[in-house]
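K.L.:
What follows is start.cif; its format and atoms are mmCIF, C-alpha atoms and all ligand atoms.
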```cif
data_data
loop_
_atom_site.label_atom_id
_atom_site.label_comp_id
_atom_site.auth_asym_id
_atom_site.auth_seq_id
_atom_site.Cartn_x
_atom_site.Cartn_y
_atom_site.Cartn_z
CA MET S 222 181.86 -65.67 163.56
CA ALA S 223 185.25 -65.71 161.93
CA VAL S 224 185.11 -65.60 158.15
CA PRO S 225 188.06 -67.03 156.26
CA PHE S 226 189.87 -64.47 154.20
CA LEU S 227 192.85 -64.19 151.92
CA MET S 228 195.63 -61.68 152.24
CA ASN S 229 196.58 -59.88 149.06
CA PRO S 230 200.07 -58.43 148.55
CA ALA S 231 198.89 -55.16 150.08
CA GLY S 232 198.09 -57.02 153.28
CA ALA S 233 194.45 -56.01 152.91
CA ALA S 234 191.83 -58.62 153.55
CA THR S 235 189.64 -59.75 150.71
CA SER S 236 186.75 -62.08 151.09
CA ASP S 237 185.45 -62.09 147.54
CA PRO S 238 186.56 -65.29 145.80
CA ALA S 239 185.08 -64.08 142.50
CA HIS S 240 187.57 -61.21 142.45
CA PRO S 241 190.75 -62.44 144.07
CA ALA S 242 193.44 -59.88 144.78
CA PRO S 243 196.04 -59.59 142.02
CA SER S 244 199.13 -61.74 142.47
CA PRO S 245 202.39 -59.81 142.99
CA LYS S 246 203.38 -60.40 139.38
CA ASP S 247 200.36 -58.36 138.27
CA VAL S 248 201.36 -55.36 140.39
CA HIS S 249 203.72 -52.99 138.65
CA ILE S 250 205.64 -50.09 140.12
CA TYR S 251 208.53 -48.01 138.80
CA PRO S 252 210.48 -46.34 141.61
CA PHE S 253 213.26 -43.87 140.89
CA LYS S 254 215.11 -40.96 142.47
CA LEU S 255 214.85 -37.38 141.23
CA GLY S 256 217.30 -35.31 143.26
CA ASP S 257 216.13 -35.74 146.86
CA PHE S 258 212.66 -36.93 145.84
CA LYS S 259 211.67 -40.60 145.74
CA ILE S 260 209.16 -41.00 142.91
CA THR S 261 207.12 -44.15 142.27
CA VAL S 262 204.94 -44.60 139.20
CA ILE S 263 202.22 -47.12 140.07
CA SER S 264 200.13 -49.00 137.54
CA ASP S 265 196.47 -49.01 138.53
CA GLY S 266 195.89 -51.46 135.66
CA ILE S 267 195.26 -51.46 131.93
CA ARG S 268 192.17 -51.57 129.75
CA ALA S 269 191.84 -52.79 126.18
CA SER S 270 189.31 -51.14 123.87
CA ASP S 271 188.19 -51.62 120.29
CA LYS S 272 188.06 -49.10 117.48
CA PRO S 273 190.88 -46.63 118.25
CA GLU S 274 189.58 -44.39 115.43
CA GLU S 275 186.42 -43.67 117.46
CA THR S 276 188.50 -42.12 120.25
CA PHE S 277 191.62 -40.70 118.55
CA GLY S 278 191.64 -38.74 115.32
CA THR S 279 187.85 -38.47 115.35
CA ASN S 280 188.07 -35.65 112.76
CA GLN S 281 190.25 -37.78 110.46
CA LYS S 282 189.45 -40.51 107.94
CA PRO S 283 189.55 -43.89 109.75
CA GLU S 284 192.14 -45.05 107.20
CA ALA S 285 194.50 -42.26 108.29
CA VAL S 286 194.30 -43.48 111.90
CA ALA S 287 194.85 -47.09 110.78
CA ASP S 288 197.84 -46.09 108.63
CA LEU S 289 199.55 -44.29 111.50
CA LEU S 290 198.96 -47.25 113.83
CA LYS S 291 200.36 -49.69 111.24
CA ALA S 292 203.42 -47.49 110.67
CA ASN S 293 204.07 -47.76 114.43
CA PHE S 294 203.66 -51.58 114.55
CA LEU S 295 200.34 -51.30 116.41
CA PRO S 296 197.09 -53.16 115.73
CA THR S 297 194.42 -51.12 113.96
CA ASN S 298 191.37 -52.70 115.62
CA ARG S 299 192.21 -52.31 119.31
CA TYR S 300 194.28 -50.25 121.72
CA VAL S 301 195.39 -50.61 125.30
CA ASN S 302 195.18 -47.75 127.73
CA GLY S 303 197.07 -47.70 131.03
CA PHE S 304 196.38 -45.74 134.20
CA SER S 305 199.39 -44.56 136.20
CA PRO S 306 199.09 -42.60 139.43
CA VAL S 307 202.38 -41.15 140.71
CA LEU S 308 203.64 -41.04 144.29
CA ILE S 309 206.25 -38.41 145.23
CA ASP S 310 207.97 -38.71 148.59
CA THR S 311 209.74 -35.39 149.17
CA GLY S 312 211.06 -36.41 152.58
CA THR S 313 208.52 -34.05 154.19
CA ASP S 314 205.38 -34.90 152.26
CA VAL S 315 204.09 -38.03 150.54
CA VAL S 316 202.10 -36.69 147.60
CA LEU S 317 199.88 -38.91 145.46
CA PHE S 318 198.86 -37.63 142.02
CA ASP S 319 195.52 -39.18 140.99
CA THR S 320 193.91 -42.30 142.40
CA GLY S 321 193.02 -44.65 139.53
CA MET S 322 189.76 -46.52 139.11
CA GLY S 323 189.37 -47.66 142.70
CA GLU S 324 186.93 -50.38 143.74
CA GLY S 325 184.78 -49.78 140.63
CA GLY S 326 187.59 -51.05 138.38
CA ARG S 327 188.56 -54.21 140.27
CA ALA S 328 186.18 -56.61 138.50
CA ASN S 329 188.02 -55.68 135.29
CA GLY S 330 191.55 -55.99 136.64
CA MET S 331 192.05 -52.31 137.49
CA GLY S 332 191.98 -50.48 140.83
CA LYS S 333 195.40 -51.84 141.81
CA LEU S 334 196.79 -48.59 143.23
CA LEU S 335 196.74 -49.83 146.84
CA ASP S 336 198.58 -53.04 145.92
CA GLY S 337 201.21 -50.96 144.14
CA LEU S 338 201.46 -48.59 147.08
CA ALA S 339 202.06 -51.58 149.40
CA LEU S 340 204.69 -53.00 147.06
CA ALA S 341 206.42 -49.60 147.18
CA GLY S 342 206.39 -49.81 150.99
CA TYR S 343 203.64 -47.31 151.79
CA THR S 344 200.41 -47.72 153.73
CA PRO S 345 197.49 -45.45 152.71
CA ASP S 346 197.80 -43.44 155.94
CA ARG S 347 201.34 -42.37 154.92
CA VAL S 348 199.91 -40.28 152.05
CA THR S 349 199.83 -36.69 153.30
CA LEU S 350 198.45 -35.00 150.18
CA VAL S 351 196.33 -36.26 147.28
CA VAL S 352 196.50 -34.09 144.16
CA LEU S 353 193.89 -34.53 141.45
CA THR S 354 195.09 -33.38 138.02
CA HIS S 355 191.43 -33.24 136.94
CA LEU S 356 188.20 -34.87 138.06
CA HIS S 357 187.54 -37.58 135.45
CA GLY S 358 186.43 -40.98 136.78
CA ASP S 359 189.73 -42.76 136.11
CA HIS S 360 191.52 -40.21 138.32
CA ILE S 361 189.05 -39.87 141.24
CA GLY S 362 187.81 -43.49 141.42
CA GLY S 363 190.24 -44.48 144.17
CA LEU S 364 189.41 -41.64 146.60
CA MET S 365 186.86 -43.70 148.53
CA GLU S 366 186.76 -47.38 149.59
CA ALA S 367 183.41 -48.71 150.78
CA GLY S 368 182.17 -45.17 151.38
CA LYS S 369 185.20 -44.16 153.47
CA PRO S 370 188.25 -42.06 152.48
CA THR S 371 191.00 -44.38 151.18
CA PHE S 372 193.71 -42.05 152.49
CA PRO S 373 192.45 -41.31 155.99
CA THR S 374 194.97 -38.65 157.04
CA ALA S 375 195.51 -36.90 153.70
CA ARG S 376 194.71 -33.38 152.63
CA TYR S 377 193.57 -32.86 149.04
CA LEU S 378 194.20 -30.41 146.27
CA THR S 379 192.76 -29.74 142.83
CA GLY S 380 192.15 -26.83 140.48
CA GLN S 381 189.49 -24.32 141.49
CA ILE S 382 188.18 -24.13 137.91
CA GLU S 383 187.96 -27.94 137.73
CA TYR S 384 186.07 -28.30 141.00
CA ASP S 385 183.65 -25.47 140.18
CA PHE S 386 182.92 -26.95 136.74
CA TRP S 387 182.14 -30.50 137.85
CA THR S 388 180.14 -29.59 140.95
CA ASP S 389 177.93 -27.09 139.09
CA PRO S 390 174.32 -28.38 138.88
CA ALA S 391 174.31 -26.96 135.31
CA ARG S 392 176.03 -30.25 134.29
CA VAL S 393 172.76 -32.14 134.84
CA GLY S 394 171.14 -33.00 131.51
CA THR S 395 174.43 -32.58 129.57
CA PRO S 396 176.99 -35.21 128.44
CA ALA S 397 178.96 -34.26 131.60
CA GLU S 398 176.18 -35.45 133.92
CA GLY S 399 177.62 -38.93 134.57
CA ASN S 400 180.98 -37.57 135.65
CA HIS S 401 179.29 -34.79 137.65
CA LYS S 402 177.51 -37.50 139.66
CA GLN S 403 180.79 -39.34 140.31
CA VAL S 404 182.33 -36.10 141.56
CA LEU S 405 179.37 -35.67 143.93
CA THR S 406 179.97 -39.12 145.47
CA LYS S 407 183.78 -39.31 145.40
CA VAL S 408 185.06 -35.73 145.77
CA VAL S 409 182.41 -33.55 147.39
CA PRO S 410 182.28 -35.59 150.65
CA LEU S 411 185.97 -34.66 151.16
CA LYS S 412 185.40 -30.97 150.35
CA ASN S 413 186.46 -29.66 153.78
CA LYS S 414 189.90 -31.22 153.42
CA PHE S 415 190.48 -29.69 149.97
CA ALA S 416 192.53 -26.70 148.87
CA PHE S 417 191.61 -25.31 145.45
CA ILE S 418 194.44 -23.85 143.40
CA GLY S 419 195.09 -21.78 140.28
CA ASN S 420 197.81 -21.50 137.66
CA GLY S 421 201.32 -21.25 139.13
CA ALA S 422 200.42 -22.48 142.62
CA GLU S 423 203.05 -24.29 144.65
CA VAL S 424 201.80 -27.72 145.78
CA VAL S 425 204.71 -28.40 148.13
CA PRO S 426 208.26 -27.01 147.80
CA GLY S 427 209.62 -28.23 144.43
CA ILE S 428 206.23 -28.95 142.82
CA VAL S 429 204.33 -26.27 140.88
CA ALA S 430 200.94 -26.53 139.16
CA MET S 431 200.22 -25.17 135.69
CA LEU S 432 196.80 -24.85 134.14
CA ALA S 433 196.65 -26.98 130.98
CA ALA S 434 193.01 -26.67 129.96
CA GLY S 435 191.27 -28.39 127.08
CA HIS S 436 191.00 -32.05 128.13
CA THR S 437 188.80 -30.62 130.90
CA PRO S 438 188.27 -26.93 131.80
CA GLY S 439 190.59 -27.01 134.84
CA HIS S 440 193.04 -29.79 133.88
CA MET S 441 196.49 -29.17 135.41
CA VAL S 442 200.05 -30.41 134.84
CA PHE S 443 202.80 -30.33 137.45
CA HIS S 444 206.45 -29.31 137.26
CA VAL S 445 208.57 -31.31 139.70
CA ALA S 446 212.13 -30.24 140.53
CA SER S 447 214.67 -31.48 143.07
CA GLY S 448 218.45 -31.25 143.24
CA GLY S 449 218.67 -29.68 139.78
CA LYS S 450 216.64 -32.52 138.18
CA LYS S 451 213.19 -32.10 136.64
CA VAL S 452 210.20 -34.13 135.50
CA VAL S 453 206.82 -32.91 134.27
CA LEU S 454 203.60 -34.74 135.15
CA THR S 455 201.55 -34.17 132.00
CA ALA S 456 198.44 -36.04 133.23
CA ASP S 457 195.96 -36.27 130.30
CA THR S 458 197.52 -33.64 128.04
CA ALA S 459 198.25 -36.50 125.58
CA ASN S 460 196.44 -39.80 125.96
CA HIS S 461 198.04 -42.08 123.36
CA TYR S 462 201.80 -42.27 122.85
CA VAL S 463 201.41 -42.42 119.06
CA LEU S 464 198.03 -40.99 118.08
CA SER S 465 198.15 -37.98 120.45
CA LEU S 466 201.87 -37.23 120.34
CA GLN S 467 202.68 -37.80 116.66
CA ARG S 468 199.46 -36.01 115.67
CA PRO S 469 198.79 -33.48 118.46
CA ASP S 470 196.14 -31.68 116.39
CA TRP S 471 193.98 -34.78 115.90
CA GLU S 472 190.78 -34.56 117.90
CA VAL S 473 190.29 -36.87 120.87
CA ARG S 474 186.83 -37.94 122.03
CA PHE S 475 187.64 -37.30 125.72
CA ASP S 476 188.96 -33.76 125.19
CA MET S 477 186.09 -31.48 126.15
CA ASP S 478 187.41 -28.44 124.26
CA LYS S 479 189.17 -30.07 121.31
CA ALA S 480 190.84 -26.96 119.83
CA MET S 481 192.10 -25.81 123.22
CA ALA S 482 193.35 -29.32 124.06
CA ALA S 483 195.38 -29.40 120.83
CA GLU S 484 196.83 -25.96 121.53
CA THR S 485 197.75 -27.01 125.09
CA ARG S 486 199.35 -30.25 123.81
CA ARG S 487 201.59 -28.29 121.47
CA LYS S 488 202.54 -25.73 124.09
CA ILE S 489 203.43 -28.30 126.75
CA PHE S 490 205.21 -30.81 124.53
CA ASP S 491 207.10 -28.09 122.64
CA ALA S 492 208.55 -27.02 125.98
CA ILE S 493 209.28 -30.62 127.07
CA ALA S 494 211.00 -31.36 123.73
CA LEU S 495 212.99 -28.13 123.80
CA GLU S 496 214.14 -28.59 127.40
CA ARG S 497 214.74 -32.34 126.89
CA VAL S 498 213.12 -33.03 130.29
CA PRO S 499 211.42 -36.34 131.07
CA PHE S 500 207.66 -36.44 131.51
CA ILE S 501 205.22 -38.86 133.11
CA GLY S 502 201.89 -39.19 131.28
CA TYR S 503 199.02 -40.85 133.11
CA HIS S 504 198.01 -42.86 130.02
CA MET S 505 201.44 -43.45 128.48
CA PRO S 506 202.52 -47.13 128.31
CA PHE S 507 203.85 -48.24 131.70
CA PRO S 508 206.18 -47.12 133.28
CA SER S 509 204.58 -44.07 131.67
CA ILE S 510 207.77 -42.02 131.69
CA GLY S 511 209.82 -40.90 128.72
CA TYR S 512 210.92 -38.04 126.56
CA ALA S 513 209.35 -36.22 123.61
CA GLU S 514 211.38 -35.42 120.53
CA LYS S 515 209.97 -32.99 117.97
CA SER S 516 209.41 -34.95 114.77
CA GLY S 517 207.34 -34.20 111.67
CA GLU S 518 204.04 -32.59 112.62
CA GLY S 519 204.29 -33.71 116.26
CA TYR S 520 206.50 -35.60 118.69
CA ARG S 521 208.12 -39.00 118.96
CA PHE S 522 207.68 -40.67 122.36
CA VAL S 523 210.99 -42.04 123.63
CA PRO S 524 210.29 -44.38 126.56
CA VAL S 525 212.69 -44.31 129.50
CA THR S 526 215.24 -47.13 129.70
CA TYR S 527 218.09 -46.84 132.23
CA GLN S 528 218.31 -43.04 132.60
CA PHE S 529 217.24 -43.20 136.26
CA GLU S 530 219.09 -46.35 137.25
CA ALA S 531 222.10 -46.25 139.59
CA GLU S 532 221.40 -42.59 140.31
ZN ZN A 601 192.44 -40.00 132.26
#
```
Can you dump the structure from the file as structure tokens?
Ligand SMILES: [Zn+2]
P.N.:
Amino acid sequence: MAVPFLMNPAGAATSDPAHPAPSPKDVHIYPFKLGDFKITVISDGIRASDKPEETFGTNQKPEAVADLLKANFLPTNRYVNGFSPVLIDTGTDVVLFDTGMGEGGRANGMGKLLDGLALAGYTPDRVTLVVLTHLHGDHIGGLMEAGKPTFPTARYLTGQIEYDFWTDPARVGTPAEGNHKQVLTKVVPLKNKFAFIGNGAEVVPGIVAMLAAGHTPGHMVFHVASGGKKVVLTADTANHYVLSLQRPDWEVRFDMDKAMAAETRRKIFDAIALERVPFIGYHMPFPSIGYAEKSGEGYRFVPVTYQFEAE
């Protein structure tokens, strides 16, 4: 029997009236050229949370966190976090960095990667390589749809240290158990299509991985270069454009090794500030791309405006 269905902007059928597909105005992409590469930042969605001081600056007085937020014209009682996978079309490969929340986020307005991909003109089977910067739930959630691989023809790549950590049964009975279980259902079924890499590995020509541990044990950032232009994908090295960048030493709840995460933040953003190269941060405010200027005890986030237009 034919069941009526709606078409969402991605052209994918949805039959769940309780969770209609997002309208095109809710789907946000930021396409730009970097040398010969076509890069598209895709918003998977945003999430608002209460009590920023319980996630950022957890080793500080709550008033210090509130003061910094106020000084930056931000509310002190809530914060909004975005999730921004990045698609890089090199002309030879179509490489997707991280996969968002996937089907598990849709009831809350996230999991919009596929709609963004469609708006950018790509079907999931065009993705040749999926790179996971690390294996937290908001990065691996979109790997599977209804128990099947979302990107049917893709190969996959992540850090060897990261994969070994999250698949180790030693995680059972620790705070990492929940994420370990997600890795078992979302990542491990694709194991045979994975390559596991280390520091300095080339992903495809023009894209090099660097270990940036602290947020997770095998968290990686990626240096992208084409035609003399560069951008760095910093993933979760800094997770709030004010609280993590202006105060890189403040502890963050989601950083597993807090001292190492702070050290890594300084190392990576010192280099980005010194070189004056743009970076894309997975949790920076959409379009999640900007510059870091050294300022005071940390960095000032300078969001992109028209630097990549009419290139
Ligand atoms: Zn994340």
K.L.:
Segment 350-431 of chain S near segment 435-446 of chain S within 8 Å: what's each residue's closest atom pair and its distance in Å to one decimal, counting only C-alpha atoms, ordered by chain then ascending residue number, as CSV?
P.N.:
```
residue,atom,partner,partner_atom,distance
S:Thr354,CA,S:Met441,CA,5.1
S:His355,CA,S:His440,CA,4.9
S:Gly380,CA,S:Gly439,CA,5.9
S:Gln381,CA,S:Gly439,CA,7.3
S:Ile382,CA,S:Gly439,CA,4.9
S:Glu383,CA,S:Gly439,CA,4.0
S:Tyr384,CA,S:Gly439,CA,7.7
S:Phe386,CA,S:Pro438,CA,7.3
S:Gly427,CA,S:Ala446,CA,5.1
S:Ile428,CA,S:Val445,CA,4.6
S:Val429,CA,S:His444,CA,5.2
S:Ala430,CA,S:Phe443,CA,4.6
S:Met431,CA,S:Val442,CA,5.3
```
K.L.:
Enumerate as a compact mmCIF listing (two decimals) with C-alpha atoms, in the coordinates of the input the residues within 8 Å of ligand ZN 601 (chain A), counting only C-alpha atoms and all ligand atoms.
P.N.:
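In the end it all went to out_38.txt:
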```txt
# COMPACT_ATOMS: atom_id res chain seq x y z
CA PHE S 304 196.38 -45.74 134.20
CA HIS S 357 187.54 -37.58 135.45
CA GLY S 358 186.43 -40.98 136.78
CA ASP S 359 189.73 -42.76 136.11
CA HIS S 360 191.52 -40.21 138.32
CA ALA S 456 198.44 -36.04 133.23
CA ASP S 457 195.96 -36.27 130.30
CA ASN S 460 196.44 -39.80 125.96
CA TYR S 503 199.02 -40.85 133.11
CA HIS S 504 198.01 -42.86 130.02
```
K.L.:
Between atom CA of Asp314 of chain S and atom CA of Gly448 of chain S, what distance in Å does the model show, to one decimal?
P.N.:
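Computed distance, atom CA of Asp314 of chain S to atom CA of Gly448 of chain S, equals 16.3 Å.
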K.L.:
Of the candidates S:Val248, S:Leu334, S:Leu295, S:Ala422, which shows the shortest atom-to-atom distance to His461 of chain S, using all atoms listed in the file?
P.N.:
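Residue with the minimum atom-to-atom distance to His461 of chain S: S:Leu295.
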K.L.:
Got a sec: who's within 6 Å of Met322 of chain S, counting all atoms listed in the file, leaving out chain neighbours fewer than 2 positions off, as a PDB file with C-alpha atoms, in the coordinates of the input?
P.N.:
```
ATOM      1  CA  GLY S 326     187.590 -51.050 138.380  1.00  0.00           C
ATOM      2  CA  GLY S 332     191.980 -50.480 140.830  1.00  0.00           C
ATOM      3  CA  ASP S 359     189.730 -42.760 136.110  1.00  0.00           C
ATOM      4  CA  GLY S 362     187.810 -43.490 141.420  1.00  0.00           C
ATOM      5  CA  GLY S 363     190.240 -44.480 144.170  1.00  0.00           C
TER       6      GLY S 363
END
```
K.L.:
Go through S:Tyr251, S:Phe277, S:Phe522, S:Phe318 one by one, measure the shortest atom-to-atom distance of each to Ile263 of chain S using all atoms listed in the file, and give the residue with the smallest value.
P.N.:
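The shortest atom-to-atom distance to Ile263 of chain S comes from S:Tyr251.
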K.L.:
Enclose the full set of atoms of segment 294-303 of chain S listed in the file within a box whose edges lie along x, y and z, apply 8 Å of padding to each of the six sides, and report centre and edge lengths in Å to one decimal as JSON.
P.N.:
```
{"center_x": 197.5, "center_y": -50.4, "center_z": 122.5, "size_x": 28.3, "size_y": 21.5, "size_z": 33.1}
```
